[in-house]
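Shown below: query_15.txt, with compact mmCIF, C-alpha atoms and all ligand atoms.
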# COMPACT_ATOMS: atom_id res chain seq x y z
CA MET A 844 109.74 10.29 8.88
CA SER A 845 108.74 10.53 12.52
CA LEU A 846 109.93 13.38 14.68
CA PRO A 847 111.63 12.88 18.06
CA THR A 848 109.29 13.07 21.06
CA THR A 849 111.59 15.36 23.04
CA MET A 850 113.86 18.31 22.31
CA ARG A 851 116.56 20.29 24.06
CA ALA A 852 116.06 23.96 24.93
CA LEU A 853 117.97 26.72 26.71
CA ARG A 854 115.73 27.79 29.59
CA LEU A 855 116.01 30.66 32.04
CA HIS A 856 114.82 29.55 35.50
CA ALA A 857 115.70 32.68 37.49
CA VAL A 858 116.63 36.25 36.54
CA ARG A 859 119.86 37.69 37.96
CA SER A 860 119.18 39.65 41.13
CA ASP A 861 120.75 40.80 44.40
CA ALA A 862 119.91 37.35 45.74
CA GLY A 863 122.06 35.56 43.19
CA PRO A 864 123.13 34.95 39.61
CA GLU A 865 120.73 33.97 36.86
CA GLN A 866 119.88 30.28 36.45
CA LEU A 867 120.19 29.12 32.89
CA ARG A 868 120.12 25.46 31.84
CA VAL A 869 119.75 23.28 28.79
CA ASP A 870 116.66 21.16 29.57
CA GLU A 871 115.10 18.18 27.87
CA LEU A 872 111.46 19.08 27.11
CA PRO A 873 108.58 17.42 25.26
CA ARG A 874 108.65 18.39 21.59
CA PRO A 875 105.72 20.73 20.90
CA ASP A 876 103.07 19.74 18.38
CA PRO A 877 101.74 22.38 15.99
CA ALA A 878 98.13 23.48 16.56
CA PRO A 879 95.86 22.97 13.51
CA ASP A 880 96.65 26.53 12.33
CA GLU A 881 100.38 26.39 13.13
CA VAL A 882 103.61 25.25 11.52
CA LEU A 883 106.31 23.38 13.44
CA ILE A 884 109.82 24.64 12.67
CA GLU A 885 112.95 22.60 13.25
CA VAL A 886 115.22 25.44 14.35
CA GLY A 887 118.39 25.43 12.28
CA ALA A 888 119.93 28.64 13.59
CA CYS A 889 119.14 31.23 16.24
CA GLY A 890 121.13 34.41 16.85
CA ILE A 891 122.15 35.58 20.32
CA CYS A 892 121.00 39.16 20.90
CA ALA A 893 121.68 41.87 23.48
CA THR A 894 117.97 41.65 24.33
CA ASP A 895 118.58 38.09 25.59
CA VAL A 896 121.15 39.57 27.97
CA HIS A 897 118.55 42.14 29.12
CA VAL A 898 116.13 39.25 29.75
CA LEU A 899 118.46 37.31 32.01
CA THR A 900 119.77 40.36 33.85
CA GLY A 901 116.27 41.66 34.58
CA GLY A 902 116.78 44.76 32.40
CA LEU A 903 113.43 44.68 30.60
CA PRO A 904 110.38 46.78 31.46
CA HIS A 905 108.36 43.57 31.95
CA GLY A 906 108.77 39.82 32.19
CA PRO A 907 110.09 37.33 31.39
CA ARG A 908 107.63 34.61 32.34
CA LEU A 909 109.64 31.87 34.01
CA PRO A 910 110.88 29.33 33.31
CA GLN A 911 111.35 30.54 29.76
CA VAL A 912 113.04 29.24 26.62
CA LEU A 913 115.21 32.12 25.36
CA GLY A 914 115.81 33.18 21.75
CA HIS A 915 113.99 35.35 19.21
CA GLU A 916 116.15 35.38 16.06
CA PRO A 917 115.53 32.04 14.34
CA ALA A 918 115.52 30.40 10.96
CA GLY A 919 114.94 26.77 10.18
CA THR A 920 113.07 24.18 8.20
CA VAL A 921 109.38 23.35 8.29
CA ALA A 922 109.13 19.98 10.09
CA ALA A 923 105.33 19.56 10.20
CA VAL A 924 102.19 21.58 9.44
CA GLY A 925 98.83 21.71 11.19
CA ASP A 926 95.75 20.37 9.37
CA GLU A 927 94.50 23.86 8.46
CA VAL A 928 97.80 25.06 6.94
CA SER A 929 98.10 24.80 3.17
CA ASP A 930 100.78 27.34 2.18
CA TRP A 931 103.80 25.60 3.73
CA ARG A 932 105.14 22.08 3.53
CA PRO A 933 107.84 20.09 5.32
CA GLY A 934 111.30 20.96 4.09
CA ASP A 935 110.55 24.64 3.32
CA ARG A 936 113.36 26.90 4.56
CA VAL A 937 112.04 29.84 6.56
CA ALA A 938 112.98 32.76 8.77
CA VAL A 939 110.64 33.54 11.69
CA LEU A 940 109.65 37.12 12.56
CA MET A 941 110.46 37.91 16.15
CA GLY A 942 107.18 39.19 17.54
CA ARG A 943 103.66 37.79 17.19
CA PRO A 944 101.30 40.73 16.54
CA CYS A 945 97.53 40.49 17.08
CA GLN A 946 96.78 41.08 13.35
CA ARG A 947 93.58 42.95 14.30
CA CYS A 948 94.48 46.30 15.88
CA GLY A 949 94.90 49.61 14.04
CA TYR A 950 98.71 49.34 13.97
CA CYS A 951 98.61 45.82 12.58
CA ARG A 952 96.16 46.91 9.86
CA ILE A 953 98.49 49.64 8.56
CA GLY A 954 101.67 47.52 8.50
CA ARG A 955 103.10 48.92 11.74
CA GLU A 956 102.73 45.61 13.57
CA ASN A 957 105.92 46.27 15.55
CA LEU A 958 103.80 48.75 17.54
CA CYS A 959 100.98 46.26 18.23
CA ARG A 960 99.83 46.67 21.82
CA ASP A 961 99.33 42.91 22.13
CA LEU A 962 102.69 41.95 20.61
CA VAL A 963 103.85 38.62 22.06
CA VAL A 964 107.63 38.27 22.00
CA PRO A 965 109.12 34.78 22.01
CA GLY A 966 111.87 34.30 24.54
CA ILE A 967 110.13 36.76 26.90
CA ASP A 968 106.35 36.31 26.87
CA THR A 969 106.28 32.85 25.32
CA ALA A 970 108.69 30.03 24.51
CA GLY A 971 111.59 31.20 22.37
CA ALA A 972 113.68 29.66 19.63
CA LEU A 973 116.83 28.41 21.39
CA ALA A 974 115.24 24.97 21.18
CA GLY A 975 115.09 22.07 18.78
CA TYR A 976 111.56 22.90 17.63
CA LEU A 977 109.28 25.94 17.60
CA PRO A 978 105.54 26.03 16.77
CA VAL A 979 104.65 29.28 14.95
CA ASP A 980 101.81 31.14 13.29
CA PRO A 981 102.48 30.75 9.53
CA ASP A 982 101.89 34.52 9.09
CA LEU A 983 105.26 35.02 10.81
CA LEU A 984 107.21 32.99 8.28
CA VAL A 985 109.29 34.50 5.50
CA PRO A 986 110.75 32.17 2.84
CA VAL A 987 114.55 32.04 2.74
CA PRO A 988 116.05 32.22 -0.77
CA PRO A 989 117.96 29.01 -1.69
CA ASP A 990 121.44 30.58 -1.67
CA VAL A 991 121.09 32.20 1.75
CA PRO A 992 122.44 30.00 4.59
CA LEU A 993 120.19 29.61 7.64
CA HIS A 994 122.67 31.28 10.02
CA GLU A 995 122.50 34.44 7.89
CA ALA A 996 118.73 34.17 7.45
CA ALA A 997 118.31 34.03 11.24
CA ILE A 998 120.10 37.31 11.92
CA VAL A 999 118.18 39.10 9.17
CA THR A 1000 115.06 39.01 11.37
CA ASP A 1001 116.57 41.19 14.10
CA ALA A 1002 120.28 42.14 13.91
CA VAL A 1003 119.84 43.35 10.33
CA ALA A 1004 116.13 44.25 10.20
CA THR A 1005 116.19 46.45 13.31
CA PRO A 1006 118.82 48.88 11.94
CA TYR A 1007 117.19 48.67 8.50
CA HIS A 1008 113.88 49.82 10.01
CA ALA A 1009 115.74 52.59 11.87
CA LEU A 1010 117.39 53.81 8.67
CA LYS A 1011 113.95 54.01 7.06
CA ARG A 1012 112.64 55.90 10.11
CA ALA A 1013 115.60 58.27 9.75
CA GLY A 1014 115.13 58.75 6.01
CA VAL A 1015 118.72 57.92 5.06
CA GLY A 1016 119.55 57.77 1.36
CA GLU A 1017 121.91 58.75 -1.44
CA GLY A 1018 124.21 61.56 -0.36
CA SER A 1019 122.92 61.99 3.18
CA ILE A 1020 125.40 62.21 6.03
CA VAL A 1021 124.56 59.83 8.88
CA THR A 1022 126.25 59.38 12.25
CA VAL A 1023 126.00 55.94 13.88
CA VAL A 1024 126.51 55.94 17.66
CA GLY A 1025 127.47 52.49 18.98
CA LEU A 1026 129.14 49.98 16.64
CA GLY A 1027 128.03 46.64 18.09
CA GLY A 1028 125.95 44.10 16.18
CA LEU A 1029 123.11 46.47 15.28
CA GLY A 1030 125.28 49.54 14.73
CA MET A 1031 127.60 47.65 12.38
CA HIS A 1032 124.66 46.59 10.25
CA ALA A 1033 123.47 50.20 10.24
CA VAL A 1034 126.87 51.14 8.78
CA LEU A 1035 126.61 48.39 6.16
CA LEU A 1036 123.06 49.29 5.13
CA ALA A 1037 123.64 53.06 5.17
CA LYS A 1038 126.60 52.62 2.81
CA LEU A 1039 124.41 50.43 0.60
CA SER A 1040 121.93 53.31 0.36
CA GLY A 1041 124.66 55.70 -0.78
CA ALA A 1042 125.04 57.65 2.47
CA HIS A 1043 128.22 59.11 3.93
CA VAL A 1044 128.75 57.39 7.33
CA ILE A 1045 130.49 58.52 10.51
CA GLY A 1046 130.79 55.90 13.28
CA ILE A 1047 131.25 56.58 17.01
CA ASP A 1048 132.31 54.00 19.60
CA VAL A 1049 134.60 53.61 22.60
CA ASP A 1050 136.22 50.37 21.42
CA VAL A 1051 139.17 50.42 19.02
CA ILE A 1052 138.36 47.05 17.46
CA ASN A 1053 134.78 48.12 16.74
CA LEU A 1054 136.07 51.35 15.16
CA GLU A 1055 138.53 49.50 12.93
CA ARG A 1056 135.85 47.07 11.90
CA ALA A 1057 133.48 49.90 10.99
CA VAL A 1058 136.14 51.31 8.65
CA ALA A 1059 136.55 47.86 7.09
CA TRP A 1060 132.77 47.75 6.58
CA GLY A 1061 132.82 51.07 4.76
CA ALA A 1062 132.46 53.87 7.34
CA ASP A 1063 133.92 57.07 5.90
CA ALA A 1064 135.15 58.32 9.28
CA VAL A 1065 135.18 56.95 12.83
CA ILE A 1066 135.51 58.72 16.16
CA ASP A 1067 136.91 57.19 19.36
CA ALA A 1068 134.71 58.75 22.06
CA THR A 1069 137.33 57.97 24.74
CA ARG A 1070 139.85 60.23 23.00
CA GLU A 1071 137.84 63.15 21.65
CA ASP A 1072 134.44 64.74 22.06
CA PRO A 1073 132.37 63.00 19.36
CA VAL A 1074 129.85 65.83 18.97
CA THR A 1075 132.54 68.45 18.36
CA THR A 1076 134.32 66.17 15.89
CA VAL A 1077 131.14 65.39 13.94
CA HIS A 1078 130.42 69.11 13.62
CA GLU A 1079 134.01 69.72 12.39
CA LEU A 1080 133.90 66.85 9.90
CA THR A 1081 130.54 67.88 8.47
CA ASP A 1082 130.66 71.64 8.56
CA GLY A 1083 127.82 71.97 11.03
CA GLY A 1084 126.40 68.54 11.82
CA SER A 1085 125.19 65.38 10.15
CA ASP A 1086 121.78 65.10 8.50
CA ARG A 1087 120.82 62.05 10.53
CA ALA A 1088 122.07 60.21 13.60
CA LEU A 1089 121.21 56.71 14.82
CA GLU A 1090 121.77 55.62 18.40
CA PHE A 1091 122.25 51.93 19.36
CA VAL A 1092 123.68 52.08 22.90
CA GLY A 1093 120.61 52.96 24.95
CA SER A 1094 122.02 55.44 27.47
CA ALA A 1095 120.95 59.03 28.15
CA GLU A 1096 124.50 60.18 27.34
CA THR A 1097 124.66 58.56 23.89
CA ALA A 1098 121.09 59.60 23.02
CA ASP A 1099 122.13 63.16 23.85
CA GLN A 1100 125.24 62.77 21.67
CA ALA A 1101 123.14 61.56 18.75
CA LEU A 1102 120.80 64.54 18.92
CA ARG A 1103 123.67 67.02 19.33
CA CYS A 1104 125.41 65.57 16.26
CA VAL A 1105 122.66 66.55 13.85
CA ALA A 1106 122.56 69.81 11.89
CA PRO A 1107 119.55 72.16 11.94
CA GLY A 1108 116.64 70.36 10.28
CA GLY A 1109 118.20 67.00 11.20
CA ARG A 1110 116.73 63.91 12.79
CA ALA A 1111 118.06 61.57 15.48
CA VAL A 1112 116.62 58.05 15.66
CA LEU A 1113 117.00 56.19 18.95
CA VAL A 1114 117.14 52.39 18.83
CA GLY A 1115 118.98 51.41 22.01
CA PHE A 1116 117.05 51.48 25.26
CA GLY A 1117 117.61 50.93 28.93
CA ARG A 1118 116.58 52.44 32.23
CA ASP A 1119 117.74 56.02 31.52
CA HIS A 1120 115.47 58.98 30.82
CA LEU A 1121 115.85 61.18 27.78
CA GLU A 1122 117.45 64.47 28.84
CA THR A 1123 119.01 66.54 26.17
CA LEU A 1124 119.03 69.93 24.43
CA PRO A 1125 117.52 73.18 25.61
CA LEU A 1126 114.03 73.49 24.13
CA ALA A 1127 114.97 76.75 22.40
CA ARG A 1128 117.64 75.05 20.32
CA PHE A 1129 115.44 72.04 19.59
CA VAL A 1130 112.60 74.26 18.38
CA THR A 1131 114.51 76.95 16.48
CA GLN A 1132 116.62 74.36 14.64
CA GLU A 1133 113.55 72.27 13.80
CA LEU A 1134 115.26 69.15 15.13
CA GLU A 1135 113.50 65.82 15.21
CA VAL A 1136 113.92 62.82 17.47
CA ALA A 1137 112.24 59.49 16.81
CA GLY A 1138 112.23 56.08 18.42
CA SER A 1139 112.58 52.94 16.31
CA TYR A 1140 111.52 49.54 17.60
CA GLY A 1141 112.20 46.25 15.88
CA ALA A 1142 111.09 45.82 12.29
CA THR A 1143 108.13 44.77 10.19
CA ARG A 1144 107.43 41.85 7.90
CA GLN A 1145 107.83 44.30 5.00
CA ASP A 1146 111.36 45.21 6.18
CA VAL A 1147 112.43 41.56 6.46
CA GLY A 1148 111.03 40.76 3.01
CA GLU A 1149 112.94 43.71 1.49
CA LEU A 1150 116.17 42.50 3.10
CA PHE A 1151 115.78 39.00 1.67
CA ASP A 1152 115.26 40.61 -1.76
CA LEU A 1153 118.55 42.50 -1.31
CA LEU A 1154 120.30 39.26 -0.29
CA GLU A 1155 118.83 37.35 -3.20
CA ASP A 1156 119.96 40.05 -5.64
CA GLY A 1157 123.48 39.85 -4.21
CA ARG A 1158 123.40 43.51 -3.20
CA LEU A 1159 123.60 42.77 0.54
CA ASP A 1160 126.45 40.57 1.77
CA LEU A 1161 126.22 39.24 5.34
CA GLY A 1162 129.32 37.06 4.99
CA ARG A 1163 131.14 38.93 7.78
CA SER A 1164 128.19 39.30 10.16
CA VAL A 1165 128.30 36.00 12.00
CA THR A 1166 131.54 36.11 13.97
CA ASP A 1167 130.99 32.81 15.81
CA THR A 1168 128.73 29.78 15.86
CA THR A 1169 128.09 27.37 18.71
CA ASP A 1170 125.81 24.54 19.84
CA LEU A 1171 123.08 24.84 22.45
CA ASP A 1172 125.46 23.90 25.28
CA GLY A 1173 127.72 26.79 24.26
CA ALA A 1174 124.90 29.35 24.31
CA PRO A 1175 125.34 30.46 27.98
CA ALA A 1176 129.01 31.22 27.33
CA ALA A 1177 128.03 33.13 24.17
CA LEU A 1178 125.57 35.21 26.22
CA ARG A 1179 128.32 36.00 28.74
CA ALA A 1180 130.71 36.98 25.94
CA LEU A 1181 128.08 39.32 24.48
CA GLU A 1182 127.55 40.95 27.87
CA THR A 1183 131.28 41.52 28.46
CA ARG A 1184 132.04 42.13 24.74
CA GLU A 1185 134.81 39.53 25.11
CA GLY A 1186 136.02 38.53 21.66
CA HIS A 1187 134.07 41.46 20.14
CA PRO A 1188 131.16 39.45 18.73
CA ILE A 1189 129.04 40.99 15.98
CA ARG A 1190 126.63 38.08 16.02
CA THR A 1191 127.06 34.64 17.56
CA VAL A 1192 124.58 32.16 16.14
CA VAL A 1193 123.58 28.86 17.69
CA THR A 1194 123.61 26.48 14.75
CA ASP A 1195 123.29 23.08 16.46
CA LEU A 1196 120.13 22.86 18.54
CA ARG A 1197 119.77 19.07 18.76
ZN ZN A 1201 117.02 40.90 19.53
ZN ZN A 1202 97.99 44.39 16.69

Please express the file's structure as structure tokens.
Amino acid sequence: MSLPTTMRALRLHAVRSDAGPEQLRVDELPRPDPAPDEVLIEVGACGICATDVHVLTGGLPHGPRLPQVLGHEPAGTVAAVGDEVSDWRPGDRVAVLMGRPCQRCGYCRIGRENLCRDLVVPGIDTAGALAGYLPVDPDLLVPVPPDVPLHEAAIVTDAVATPYHALKRAGVGEGSIVTVVGLGGLGMHAVLLAKLSGAHVIGIDVDVINLERAVAWGADAVIDATREDPVTTVHELTDGGSDRALEFVGSAETADQALRCVAPGGRAVLVGFGRDHLETLPLARFVTQELEVAGSYGATRQDVGELFDLLEDGRLDLGRSVTDTTDLDGAPAALRALETREGHPIRTVVTDLR
């Protein structure tokens, strides 16, 4: 079967600035061919992520290179393989890890490839996955179990794996008390995964619908930060603070809240990021209470593989995670809805990229 010679792709031509709004268009482009050591994926699903919004609003520390195809949360089907590739064949269902590490540096060698200094991120540094086809390094592919639909497989690589990695960084497990600050797409999956590990979960947000949804997903208590001081309430609910706190908003204020929520000996893990600086507790309290604060960035191949094992075993259910699907032409509206939180998306996935 021959492949089409062109494909459609959502491309960013200009970042939003004082001079004007962003320029985002669906373009017809030549279909890429895989290099001899690459696999060509027909993209079957690609999640829309808050990072995509940061890309088009100019909120990233660097990039993007323009014009750029957006998207970094894909799953699909192998369409063709380069001559040197033997492990994959057309028709294989795969999820694609979101960053391309160098595979040579010290971090890559110890399985911390999310910290690779030469990490190339699709949708920012190189062409992303909101396109009909995507050529990839086969080392970035993870097989998708037969019963897992591609729209769920896609979001595993980022929306689910990023909070999973953060929970491992935090050391959350059976019986621990964990506070989750920010109940959007990543925060909700942190709630789901923390409950799966046997933790007691307290959720904080400013949006009533997000709070109700967190309860439906298993949170033991939720706090509306517009109505009460979340730090005081966490300390009351827990008799002195939670063991762990995870932060998904990315502001100085919420990072400070996360750290203030933890009990002596506790650890706050920061996942959200933006332009703010970290300014928080007096050093004396931080030191004498032996508090810990850690960053958590993305996820590793190991994390994604573990999540597919949980899905395959039926222990993890992502049936409520994808709140909307759309085609490529609907992707700009989905990005706007994510930015304004209109319709309260957990994850919108583009499932028709032809
Ligand atoms: Zn993302
Ligand atoms: Zn590396």

* Structure fact -> Atom pair CA of Arg874 in chain A + CA of Pro989 in chain A, distance 27.2 Å

* 9 Å contact set for Ala918 in chain A, only C-alpha atoms, chain neighbours under 5 positions out, as a PyMOL selection string -> chain A and resi 884-889+936-939+972+987+993-998+1000

* **Cut-off 10 Å, only C-alpha atoms and all ligand atoms, neighbours of ligand ZN 1202 (chain A) as a PyMOL selection string** => chain A and resi 943-963

* Nearest-residue call for Glu1079 in chain A, choices A:Ala1033, A:Met941, A:Val1049, A:Cys1104, using only C-alpha atoms ->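 Among the listed residues, A:Cys1104 lies closest to Glu1079 in chain A.
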
* To do: Write out as a PyMOL selection string the residues lying within 9 Å of range 878-881 of chain A, counting all atoms listed in the file and excluding same-chain residues fewer than 6 positions away.
  => chain A and resi 923-928+978-981

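Residues in contact with ligand ZN 1201 (chain A) (atom pairs separated by at most 6 Å; all atoms listed in the file) are A:Cys892, A:Thr894, A:Asp1001.
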
* Asked: Pick from A:Ile1052, A:Val1024, A:Glu1090, A:Glu1096: nearest to Val1077 in chain A, with only C-alpha atoms counted?
  ->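 Checking each candidate against Val1077 in chain A, we get A:Val1024 as the closest.
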
* **Best match for closeness to Pro910 in chain A among A:Asp876, A:Asp968, A:Asp1099, A:Asp1048, counting all atoms listed in the file** => A:Asp968

* Structure fact -> Between A:Leu1153, A:Ala1013, A:Pro1073, A:Ile1066, smallest distance to Glu1135 in chain A by only C-alpha atoms belongs to A:Ala1013

* For Gly934 in chain A, work out the shell of residues within 9 Å, counting only C-alpha atoms and skipping chain neighbours fewer than 5 positions away, then give it as a PyMOL selection string. => chain A and resi 920-923

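Distances to Ser1139 in chain A were evaluated for A:Gly975, A:Pro873, A:Pro988, A:Gly1093 using only C-alpha atoms, and the minimum falls at A:Gly1093.
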
* Asked: Can you list, as a ChimeraX atom specification, every protein, DNA or RNA residue that comes within 9 Å of His897 in chain A when you count all atoms listed in the file, leaving out same-chain residues fewer than 5 positions away?
  -> /A:902-903,1117

Saved selection, atoms kept: C-alpha atoms, as a PDB file, in the coordinates of the input:
ATOM      1  CA  GLY A 902     116.780  44.760  32.400  1.00  0.00           C
ATOM      2  CA  LEU A 903     113.430  44.680  30.600  1.00  0.00           C
ATOM      3  CA  GLY A1117     117.610  50.930  28.930  1.00  0.00           C
TER       4      GLY A1117
END
